[in-house]
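Structure below is data16.txt: compact mmCIF, C-alpha atoms and all ligand atoms.
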# COMPACT_ATOMS: atom_id res chain seq x y z
CA MET Y 49 64.30 -96.31 -110.48
CA SER Y 50 63.18 -96.09 -114.09
CA PRO Y 51 65.90 -94.70 -116.39
CA SER Y 52 63.61 -91.81 -117.43
CA ALA Y 53 63.09 -90.46 -113.87
CA THR Y 54 65.36 -87.57 -112.82
CA PRO Y 55 68.24 -89.40 -111.16
CA GLU Y 56 69.36 -88.66 -107.62
CA PRO Y 57 72.84 -87.09 -107.46
CA LEU Y 58 75.53 -89.74 -107.05
CA SER Y 59 77.06 -90.17 -103.64
CA PHE Y 60 80.69 -91.38 -103.71
CA THR Y 61 81.65 -93.87 -101.02
CA ILE Y 62 85.30 -93.82 -99.96
CA ALA Y 63 87.49 -96.89 -99.46
CA ARG Y 64 91.02 -95.68 -98.77
CA SER Y 65 93.98 -97.47 -100.30
CA GLY Y 66 95.80 -99.88 -98.00
CA HIS Y 67 99.09 -99.18 -99.82
CA PRO Y 68 99.39 -95.43 -100.48
CA ALA Y 69 102.71 -93.93 -101.56
CA SER Y 70 104.91 -92.84 -98.66
CA ASP Y 71 105.49 -89.12 -98.06
CA GLU Y 72 109.02 -89.55 -99.47
CA GLN Y 73 107.80 -91.34 -102.61
CA ARG Y 74 105.15 -88.67 -103.24
CA ALA Y 75 107.62 -85.82 -102.65
CA ALA Y 76 110.06 -87.36 -105.16
CA ILE Y 77 107.31 -87.54 -107.80
CA LEU Y 78 106.05 -84.01 -107.12
CA ALA Y 79 109.59 -82.64 -107.41
CA ASN Y 80 109.72 -83.69 -111.06
CA PRO Y 81 106.32 -84.90 -112.25
CA GLY Y 82 106.71 -84.75 -116.05
CA PHE Y 83 103.38 -85.50 -117.73
CA GLY Y 84 101.15 -88.55 -117.42
CA LYS Y 85 103.74 -90.83 -115.81
CA SER Y 86 102.68 -91.12 -112.17
CA PHE Y 87 99.26 -91.53 -110.61
CA THR Y 88 97.78 -90.77 -107.23
CA ASP Y 89 96.71 -93.36 -104.65
CA HIS Y 90 93.02 -93.41 -105.58
CA MET Y 91 90.58 -93.36 -108.49
CA VAL Y 92 86.86 -92.88 -109.00
CA LEU Y 93 84.68 -95.65 -110.37
CA ALA Y 94 80.96 -95.69 -111.18
CA THR Y 95 78.84 -98.08 -113.19
CA TRP Y 96 75.94 -97.46 -115.54
CA THR Y 97 73.55 -100.16 -116.64
CA ARG Y 98 70.64 -99.69 -118.97
CA GLY Y 99 68.11 -100.71 -116.34
CA GLN Y 100 69.56 -98.93 -113.35
CA GLY Y 101 71.33 -95.84 -114.67
CA TRP Y 102 74.43 -94.62 -112.77
CA HIS Y 103 75.15 -96.35 -109.46
CA ASP Y 104 77.90 -97.79 -107.27
CA ALA Y 105 79.96 -94.58 -107.28
CA LYS Y 106 83.12 -94.77 -105.21
CA VAL Y 107 86.62 -93.54 -104.55
CA THR Y 108 88.84 -96.58 -104.27
CA ALA Y 109 92.52 -97.56 -104.46
CA TYR Y 110 94.18 -96.82 -107.82
CA GLY Y 111 94.83 -100.17 -109.50
CA PRO Y 112 94.11 -102.48 -112.44
CA LEU Y 113 90.57 -102.58 -113.78
CA GLN Y 114 88.81 -105.90 -114.08
CA LEU Y 115 87.79 -106.18 -117.70
CA LEU Y 116 86.94 -109.28 -119.72
CA PRO Y 117 88.72 -109.62 -123.09
CA SER Y 118 85.27 -109.38 -124.69
CA ALA Y 119 84.63 -105.88 -123.22
CA ALA Y 120 83.15 -103.89 -126.10
CA VAL Y 121 85.53 -100.94 -125.70
CA LEU Y 122 88.49 -103.14 -126.65
CA HIS Y 123 86.85 -103.98 -129.97
CA TYR Y 124 84.72 -101.01 -131.01
CA ALA Y 125 86.36 -98.10 -129.14
CA GLN Y 126 83.17 -96.86 -127.49
CA GLU Y 127 85.11 -94.52 -125.20
CA ILE Y 128 85.33 -90.83 -124.31
CA PHE Y 129 87.48 -88.78 -121.95
CA GLU Y 130 88.15 -85.34 -120.56
CA GLY Y 131 91.21 -83.49 -119.31
CA LEU Y 132 91.35 -80.73 -116.70
CA LYS Y 133 93.59 -79.67 -113.87
CA ALA Y 134 93.46 -78.98 -110.12
CA TYR Y 135 95.52 -75.94 -109.09
CA ARG Y 136 96.81 -75.17 -105.59
CA HIS Y 137 96.41 -71.51 -104.60
CA ALA Y 138 98.70 -69.65 -102.19
CA ASP Y 139 96.27 -70.16 -99.27
CA GLY Y 140 96.38 -73.93 -99.75
CA SER Y 141 92.93 -74.26 -101.34
CA VAL Y 142 92.54 -76.33 -104.53
CA TRP Y 143 90.56 -75.19 -107.57
CA SER Y 144 89.58 -76.40 -111.02
CA PHE Y 145 89.07 -74.30 -114.13
CA ARG Y 146 85.67 -74.31 -115.85
CA PRO Y 147 84.85 -77.93 -114.91
CA GLU Y 148 81.25 -77.40 -116.03
CA ALA Y 149 82.54 -76.80 -119.56
CA ASN Y 150 84.34 -80.16 -119.47
CA ALA Y 151 81.22 -81.82 -118.05
CA GLU Y 152 79.06 -80.40 -120.82
CA ARG Y 153 81.56 -81.41 -123.48
CA MET Y 154 81.61 -84.93 -122.01
CA GLN Y 155 77.83 -84.99 -122.38
CA ARG Y 156 78.16 -83.99 -126.07
CA SER Y 157 80.89 -86.60 -126.58
CA ALA Y 158 78.68 -89.19 -124.88
CA ARG Y 159 75.81 -88.40 -127.26
CA ARG Y 160 78.10 -88.84 -130.29
CA LEU Y 161 79.54 -92.14 -129.02
CA ALA Y 162 76.12 -93.46 -127.86
CA LEU Y 163 77.26 -93.52 -124.22
CA PRO Y 164 75.08 -92.49 -121.26
CA SER Y 165 75.01 -88.92 -120.01
CA LEU Y 166 76.60 -88.04 -116.66
CA SER Y 167 75.16 -84.90 -115.05
CA VAL Y 168 77.33 -81.82 -114.61
CA GLU Y 169 76.81 -82.12 -110.83
CA ASP Y 170 77.95 -85.76 -110.73
CA PHE Y 171 80.96 -84.94 -112.92
CA VAL Y 172 82.10 -82.07 -110.66
CA GLU Y 173 81.38 -84.11 -107.54
CA SER Y 174 83.51 -86.98 -108.87
CA LEU Y 175 86.46 -84.58 -109.20
CA ARG Y 176 85.87 -83.15 -105.75
CA ALA Y 177 85.63 -86.62 -104.19
CA LEU Y 178 88.93 -87.77 -105.72
CA VAL Y 179 90.88 -84.56 -105.12
CA THR Y 180 89.68 -84.41 -101.51
CA VAL Y 181 91.05 -87.88 -100.81
CA ASP Y 182 94.26 -87.29 -102.81
CA GLN Y 183 94.74 -83.60 -101.91
CA ASP Y 184 98.35 -84.15 -100.82
CA TRP Y 185 99.12 -84.94 -104.46
CA VAL Y 186 98.24 -81.41 -105.63
CA PRO Y 187 101.62 -79.66 -106.00
CA ALA Y 188 102.29 -76.72 -103.68
CA ALA Y 189 101.60 -73.18 -104.91
CA GLY Y 190 104.57 -71.37 -106.35
CA THR Y 191 106.24 -74.45 -107.83
CA GLY Y 192 106.15 -73.22 -111.41
CA GLU Y 193 103.36 -74.64 -113.50
CA THR Y 194 102.73 -77.88 -111.72
CA SER Y 195 99.19 -79.06 -111.12
CA LEU Y 196 97.23 -82.25 -110.66
CA TYR Y 197 95.95 -83.37 -114.08
CA LEU Y 198 92.52 -84.98 -113.83
CA ARG Y 199 91.44 -87.53 -116.42
CA PRO Y 200 87.73 -88.46 -116.31
CA PHE Y 201 86.83 -91.18 -118.84
CA MET Y 202 83.92 -93.44 -119.73
CA PHE Y 203 83.90 -96.68 -121.69
CA ALA Y 204 81.80 -99.67 -122.79
CA SER Y 205 82.64 -102.35 -120.23
CA GLU Y 206 79.94 -104.82 -121.27
CA ALA Y 207 81.27 -108.21 -122.34
CA PHE Y 208 79.55 -108.42 -125.73
CA LEU Y 209 80.74 -108.56 -129.33
CA GLY Y 210 77.61 -107.41 -131.14
CA VAL Y 211 77.92 -103.92 -132.58
CA ARG Y 212 75.45 -101.80 -130.59
CA PRO Y 213 75.67 -99.27 -127.74
CA ALA Y 214 76.82 -101.09 -124.60
CA ASP Y 215 74.35 -101.86 -121.80
CA VAL Y 216 77.11 -101.67 -119.18
CA VAL Y 217 79.40 -98.64 -119.00
CA THR Y 218 82.15 -97.65 -116.56
CA TYR Y 219 83.03 -94.09 -115.56
CA SER Y 220 86.35 -93.42 -113.90
CA VAL Y 221 88.59 -90.51 -112.89
CA ILE Y 222 92.31 -90.88 -112.38
CA ALA Y 223 94.74 -88.13 -111.36
CA SER Y 224 98.34 -87.49 -112.30
CA PRO Y 225 100.75 -84.82 -111.01
CA ALA Y 226 101.80 -82.76 -114.02
CA GLY Y 227 104.56 -80.40 -115.02
CA ALA Y 228 105.23 -79.22 -118.59
CA TYR Y 229 103.55 -81.36 -121.29
CA PHE Y 230 106.52 -81.12 -123.66
CA SER Y 231 109.78 -82.38 -122.21
CA GLY Y 232 111.65 -79.41 -123.76
CA GLY Y 233 109.58 -76.99 -121.60
CA LEU Y 234 108.35 -73.76 -123.17
CA LYS Y 235 110.18 -74.02 -126.48
CA PRO Y 236 108.49 -73.45 -129.85
CA VAL Y 237 107.25 -76.65 -131.48
CA THR Y 238 107.93 -77.44 -135.14
CA LEU Y 239 104.87 -78.65 -137.04
CA TRP Y 240 104.45 -81.00 -140.00
CA ILE Y 241 101.54 -80.64 -142.42
CA SER Y 242 100.07 -84.07 -142.67
CA SER Y 243 98.81 -84.54 -146.20
CA SER Y 244 98.71 -88.36 -146.09
CA TYR Y 245 96.42 -88.53 -143.08
CA ALA Y 246 93.28 -86.75 -141.89
CA ARG Y 247 92.19 -86.72 -138.26
CA ALA Y 248 88.44 -86.37 -138.79
CA GLY Y 249 85.80 -86.00 -141.48
CA ALA Y 250 82.36 -84.41 -141.83
CA GLY Y 251 79.76 -86.26 -139.77
CA GLY Y 252 82.48 -88.16 -137.91
CA THR Y 253 83.67 -87.87 -134.33
CA GLY Y 254 86.15 -84.97 -134.73
CA ALA Y 255 84.36 -82.68 -132.26
CA ALA Y 256 84.04 -85.42 -129.63
CA LYS Y 257 86.78 -86.13 -127.13
CA CYS Y 258 87.06 -89.83 -127.88
CA GLY Y 259 90.15 -92.01 -127.87
CA GLY Y 260 89.68 -92.91 -131.54
CA ASN Y 261 90.46 -89.35 -132.66
CA TYR Y 262 93.77 -89.48 -130.84
CA ALA Y 263 94.58 -92.92 -132.26
CA SER Y 264 93.91 -91.62 -135.77
CA SER Y 265 96.28 -88.69 -135.21
CA LEU Y 266 99.25 -90.92 -134.35
CA ALA Y 267 100.32 -91.96 -137.87
CA GLY Y 268 100.43 -88.28 -138.88
CA GLN Y 269 102.42 -87.48 -135.75
CA LEU Y 270 104.89 -90.28 -136.58
CA GLU Y 271 105.24 -88.93 -140.10
CA GLY Y 272 105.98 -85.52 -138.58
CA ILE Y 273 108.61 -86.97 -136.26
CA GLU Y 274 110.24 -88.73 -139.22
CA HIS Y 275 110.59 -85.26 -140.78
CA GLY Y 276 112.17 -83.77 -137.66
CA CYS Y 277 108.95 -82.16 -136.34
CA ASP Y 278 107.32 -82.33 -132.91
CA GLN Y 279 103.66 -82.55 -133.95
CA ALA Y 280 101.46 -82.76 -137.04
CA VAL Y 281 98.90 -80.17 -138.10
CA PHE Y 282 95.81 -81.69 -139.69
CA LEU Y 283 93.88 -80.16 -142.59
CA ASP Y 284 90.21 -80.61 -143.41
CA SER Y 285 89.73 -84.00 -145.05
CA ALA Y 286 87.36 -82.75 -147.79
CA THR Y 287 89.64 -80.24 -149.53
CA GLN Y 288 92.94 -80.43 -147.66
CA GLU Y 289 92.98 -76.64 -147.86
CA TYR Y 290 91.96 -75.51 -144.39
CA ILE Y 291 93.77 -75.73 -141.07
CA GLU Y 292 91.99 -77.78 -138.39
CA GLU Y 293 94.03 -78.65 -135.27
CA LEU Y 294 97.05 -80.57 -134.00
CA GLY Y 295 95.24 -83.66 -132.74
CA GLY Y 296 95.76 -82.75 -129.08
CA MET Y 297 95.71 -78.94 -129.32
CA ASN Y 298 93.92 -76.04 -131.04
CA LEU Y 299 95.83 -73.36 -132.99
CA PHE Y 300 95.88 -69.55 -132.86
CA PHE Y 301 97.48 -66.95 -135.16
CA VAL Y 302 98.30 -63.35 -134.20
CA THR Y 303 98.42 -60.94 -137.11
CA ARG Y 304 100.45 -57.76 -137.49
CA ASP Y 305 97.21 -55.71 -137.34
CA GLY Y 306 96.14 -57.18 -133.97
CA ARG Y 307 93.76 -59.98 -134.95
CA LEU Y 308 93.66 -63.24 -132.99
CA VAL Y 309 92.57 -65.84 -135.52
CA THR Y 310 91.61 -69.47 -134.88
CA PRO Y 311 89.91 -72.13 -137.03
CA GLU Y 312 86.14 -72.02 -136.57
CA LEU Y 313 84.34 -75.02 -135.10
CA THR Y 314 83.19 -77.02 -138.09
CA GLY Y 315 82.21 -80.21 -136.28
CA THR Y 316 85.58 -81.78 -137.06
CA ILE Y 317 87.60 -79.77 -134.49
CA LEU Y 318 87.67 -80.22 -130.74
CA GLU Y 319 85.89 -77.43 -128.87
CA GLY Y 320 88.78 -76.66 -126.54
CA VAL Y 321 88.01 -75.10 -123.15
CA THR Y 322 91.39 -73.34 -123.32
CA ARG Y 323 90.54 -72.23 -126.86
CA SER Y 324 87.27 -70.58 -125.81
CA SER Y 325 88.92 -68.98 -122.75
CA ILE Y 326 91.66 -67.48 -124.96
CA LEU Y 327 89.05 -65.97 -127.27
CA GLU Y 328 87.60 -64.17 -124.21
CA LEU Y 329 90.98 -63.09 -122.85
CA GLY Y 330 92.10 -61.90 -126.29
CA LYS Y 331 89.17 -59.49 -126.45
CA GLU Y 332 90.10 -58.10 -123.03
CA LEU Y 333 93.68 -57.59 -124.21
CA GLY Y 334 92.45 -55.41 -127.08
CA LEU Y 335 92.86 -58.05 -129.77
CA ASP Y 336 90.24 -58.71 -132.38
CA PRO Y 337 89.22 -62.40 -132.14
CA GLU Y 338 88.25 -64.09 -135.38
CA GLU Y 339 86.89 -67.63 -135.77
CA ARG Y 340 86.87 -68.65 -139.41
CA ARG Y 341 88.19 -71.14 -141.90
CA ILE Y 342 91.92 -70.51 -142.41
CA PRO Y 343 93.56 -71.75 -145.61
CA ILE Y 344 96.96 -73.37 -145.06
CA GLU Y 345 98.20 -71.09 -147.87
CA GLU Y 346 97.35 -68.10 -145.64
CA TRP Y 347 99.77 -69.46 -143.03
CA LYS Y 348 102.54 -69.91 -145.59
CA GLU Y 349 102.01 -66.49 -147.19
CA GLY Y 350 101.46 -64.67 -143.87
CA ALA Y 351 104.64 -66.13 -142.42
CA ARG Y 352 106.62 -65.09 -145.50
CA SER Y 353 105.14 -61.58 -145.74
CA GLY Y 354 105.24 -60.84 -141.99
CA ASP Y 355 101.44 -60.53 -141.73
CA ILE Y 356 101.47 -63.39 -139.19
CA VAL Y 357 103.61 -62.38 -136.23
CA GLU Y 358 102.89 -65.12 -133.68
CA ILE Y 359 101.44 -68.63 -133.71
CA PHE Y 360 100.61 -70.75 -130.69
CA ALA Y 361 98.93 -74.04 -129.84
CA CYS Y 362 96.72 -74.48 -126.79
CA GLY Y 363 95.10 -77.16 -124.68
CA THR Y 364 94.62 -78.06 -121.04
CA ALA Y 365 97.72 -80.22 -120.84
CA ALA Y 366 100.12 -78.00 -122.78
CA VAL Y 367 98.46 -74.66 -121.77
CA ILE Y 368 99.86 -72.36 -124.47
CA THR Y 369 102.85 -73.49 -126.50
CA PRO Y 370 104.54 -71.29 -129.10
CA VAL Y 371 104.71 -72.67 -132.63
CA GLY Y 372 107.85 -72.13 -134.70
CA GLU Y 373 108.61 -73.59 -138.09
CA LEU Y 374 106.05 -75.23 -140.37
CA ARG Y 375 107.30 -78.00 -142.67
CA TRP Y 376 105.73 -79.97 -145.47
CA GLU Y 377 106.87 -82.29 -148.24
CA GLY Y 378 109.38 -80.17 -150.13
CA GLY Y 379 109.13 -76.91 -148.16
CA SER Y 380 109.14 -74.99 -144.89
CA VAL Y 381 108.38 -71.54 -143.53
CA ASP Y 382 109.11 -69.78 -140.23
CA HIS Y 383 107.20 -66.64 -139.28
CA ARG Y 384 109.64 -65.74 -136.47
CA ARG Y 385 112.38 -64.37 -138.75
CA GLY Y 386 114.93 -64.52 -135.96
CA GLY Y 387 112.55 -62.90 -133.44
CA PRO Y 388 112.06 -64.10 -129.83
CA GLU Y 389 111.17 -67.75 -129.13
CA ILE Y 390 107.91 -66.70 -127.50
CA GLY Y 391 106.10 -63.61 -128.79
CA GLU Y 392 104.61 -60.83 -126.71
CA VAL Y 393 100.94 -61.76 -127.24
CA THR Y 394 101.60 -65.47 -126.64
CA ARG Y 395 103.41 -64.66 -123.41
CA THR Y 396 100.76 -62.20 -122.19
CA VAL Y 397 97.77 -64.48 -122.91
CA ARG Y 398 99.60 -67.40 -121.31
CA GLU Y 399 100.43 -65.46 -118.15
CA ARG Y 400 96.91 -64.03 -117.91
CA LEU Y 401 95.40 -67.51 -118.12
CA LEU Y 402 97.84 -69.04 -115.62
CA ASP Y 403 97.37 -66.12 -113.21
CA ILE Y 404 93.62 -66.80 -113.14
CA GLN Y 405 94.07 -70.57 -112.80
CA TYR Y 406 96.56 -70.23 -109.92
CA GLY Y 407 94.54 -67.53 -108.14
CA ARG Y 408 97.12 -64.78 -108.73
CA ALA Y 409 94.58 -62.65 -110.62
CA GLU Y 410 90.95 -61.96 -109.82
CA ASP Y 411 88.57 -64.50 -111.36
CA VAL Y 412 86.25 -61.92 -112.92
CA HIS Y 413 84.72 -64.52 -115.27
CA GLY Y 414 83.70 -66.91 -112.51
CA TRP Y 415 85.79 -69.64 -114.15
CA LEU Y 416 87.11 -71.26 -110.97
CA THR Y 417 85.38 -73.93 -108.87
CA ARG Y 418 86.77 -74.82 -105.48
CA LEU Y 419 87.46 -78.54 -105.01
CA VAL Y 420 89.12 -78.56 -101.58
C1 LIG U 501 94.42 -82.04 -122.86
O1 LIG U 501 95.00 -81.00 -123.16
O2 LIG U 501 93.88 -82.23 -121.76
C2 LIG U 501 94.33 -83.11 -123.81
O3 LIG U 501 93.36 -83.77 -123.84
C3 LIG U 501 95.48 -83.32 -124.72
C4 LIG U 501 96.15 -84.65 -124.57
C5 LIG U 501 96.97 -84.83 -123.35
C6 LIG U 501 95.26 -85.78 -124.90
Would you put the structure from the file into structure tokens?
Ligand code: COI
Amino acid sequence: MSPSATPEPLSFTIARSGHPASDEQRAAILANPGFGKSFTDHMVLATWTRGQGWHDAKVTAYGPLQLLPSAAVLHYAQEIFEGLKAYRHADGSVWSFRPEANAERMQRSARRLALPSLSVEDFVESLRALVTVDQDWVPAAGTGETSLYLRPFMFASEAFLGVRPADVVTYSVIASPAGAYFSGGLKPVTLWISSSYARAGAGGTGAAKCGGNYASSLAGQLEGIEHGCDQAVFLDSATQEYIEELGGMNLFFVTRDGRLVTPELTGTILEGVTRSSILELGKELGLDPEERRIPIEEWKEGARSGDIVEIFACGTAAVITPVGELRWEGGSVDHRRGGPEIGEVTRTVRERLLDIQYGRAEDVHGWLTRLV
């Protein structure tokens, strides 16, 4: 097949693991999954080569990848990933939330990182193939907020040290039973304004979901931890005046007069699927959504004056997490003024979103896709 012809949809062959976890081992993991620690019995693999396009798609036993030390990804970080979850509904069926949005974002990330495009259909089918084989790993309905976290990723596997887009690329999906992202559960996080480090710059990869963005957020996060904070909040690198994101989560502010404000997408912020869903849900809850540049001074002043009444961070992994104190070199502010740990709007938006994801509320937006 020539690479320019419309490719046939991928068909995933299945080779079951010869050493799956026992029922007892799986039950012990599902009883207390944490986040990102344990993995299911299988994974998806597919290969892309410049001549052949995507091929050799399979579900196979979860295990080490064979990669030569010269694989380009290890040197030049030509890598992208996605994150989404599989939710068990009360009738036993398993669903994912807006997987097409993740597929389309992966296509945009691929373009930015000069990786090949995977079709939306192949992306969704890869999730379905893996979750079908590993369906016993999807936590039962009614067990709090547990789900099966799905991690599709794509990387330059060609053994070559020249700096150019790889001619051999691997796509994979792994799955991990997940509970709360933060070990403290649903407690407000304290944030540190990172002024020494930026996460992304104009024309860079900030809007792409690539590993490099997360690597570049770590020094800021460490600085935050050294100052007693949980996470860092990054400002725009050009002026250091405007709020961007946390590195792994987008931010929202609720104002006293009912506005739901979030930093606009400038090309340096990740286009969160949870972020865009919250903008929709906010409208339905009678809030006035606003996407715009938000000066960090507005946060400080709004928290002091009481104009900002709630702040939360959001992402697939952490869902919606309340934000508490903000600290910086020589100062701090806390908008909560002794109020509840989780505000009314934060709680309502969070419950609304989770109710849709777990099938407890009608999916009027058509956001759910059945996997099993
Ligand atoms: C997600 O929320 O899925 C993320 O990508 C954040 C992090 C776990 C990398």
Quiz item: If you measure from atom CA of Y:Val92 to atom CA of Y:Pro117, what distance in Å do you get, rounded to one decimal?
Solution: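 Here the two named atoms are 22.0 Å from each other.
Shell of stretch 367-376 of chain Y at 7 Å, with all atoms listed in the file counted and residues fewer than 6 places along the chain excluded, is Leu234, Lys235, Pro236, Val237, Thr238, Leu239, Trp240, Ile241, Ile359, Phe360, Ala361, Asp382, Arg384, Ile390, Thr394 and Arg398 of chain Y.
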Please, could you write that set of residues out with C-alpha atoms as a JSON list (two decimals), in the frame of the given file?
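So the final result, stored in again-v1.json, reads:
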[["chain", "number", "residue", "atom", "x", "y", "z"],
["Y", 234, "LEU", "CA", 108.35, -73.76, -123.17],
["Y", 235, "LYS", "CA", 110.18, -74.02, -126.48],
["Y", 236, "PRO", "CA", 108.49, -73.45, -129.85],
["Y", 237, "VAL", "CA", 107.25, -76.65, -131.48],
["Y", 238, "THR", "CA", 107.93, -77.44, -135.14],
["Y", 239, "LEU", "CA", 104.87, -78.65, -137.04],
["Y", 240, "TRP", "CA", 104.45, -81.00, -140.00],
["Y", 241, "ILE", "CA", 101.54, -80.64, -142.42],
["Y", 359, "ILE", "CA", 101.44, -68.63, -133.71],
["Y", 360, "PHE", "CA", 100.61, -70.75, -130.69],
["Y", 361, "ALA", "CA", 98.93, -74.04, -129.84],
["Y", 382, "ASP", "CA", 109.11, -69.78, -140.23],
["Y", 384, "ARG", "CA", 109.64, -65.74, -136.47],
["Y", 390, "ILE", "CA", 107.91, -66.70, -127.50],
["Y", 394, "THR", "CA", 101.60, -65.47, -126.64],
["Y", 398, "ARG", "CA", 99.60, -67.40, -121.31]]
Practice problem: Considering only C-alpha atoms and all ligand atoms, state which residue in the set Y:Pro147, Y:Gly131, Y:Gly249, Y:Gly414 is at the smallest distance from ligand LIG 501 (chain U). | Solution: Y:Gly131
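Omitting stretch 303-310 of chain Y and its sequence neighbours fewer than 4 positions away, and counting all atoms listed in the file, the residues within 9 Å are Asn298, Leu299, Arg323, Leu327, Gly330, Lys331, Gly334, Leu335, Asp336, Pro337, Glu338, Glu339, Arg340, Arg341, Ile342, Gly350, Gly354, Asp355, Ile356, Val357, Glu358 and Ile359 of chain Y.
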Exercise. Could you tell me, counting all atoms listed in the file, which protein and nucleic acid residues lie no more than 7 Å from ligand LIG 501 (chain U), written as a list in words?
Key: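 Here is the list of contacting residues: Glu130, Gly131, Leu132, Gly296, Met297, Gly363, Thr364, Ala365 and Ala366 of chain Y.
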Expected file: the selected residues, C-alpha atoms, as a CSV table (one decimal), in the frame of the given file:
chain,number,residue,atom,x,y,z
Y,130,GLU,CA,88.2,-85.3,-120.6
Y,131,GLY,CA,91.2,-83.5,-119.3
Y,132,LEU,CA,91.4,-80.7,-116.7
Y,296,GLY,CA,95.8,-82.8,-129.1
Y,297,MET,CA,95.7,-78.9,-129.3
Y,363,GLY,CA,95.1,-77.2,-124.7
Y,364,THR,CA,94.6,-78.1,-121.0
Y,365,ALA,CA,97.7,-80.2,-120.8
Y,366,ALA,CA,100.1,-78.0,-122.8
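Excluding Y:Thr108 itself and same-chain residues fewer than 6 positions from it, the residues having an atom within 7 Å of it are Ile62, Ala63, Arg64, Ser65, His90, Met91 and Val92 of chain Y, counting only C-alpha atoms.
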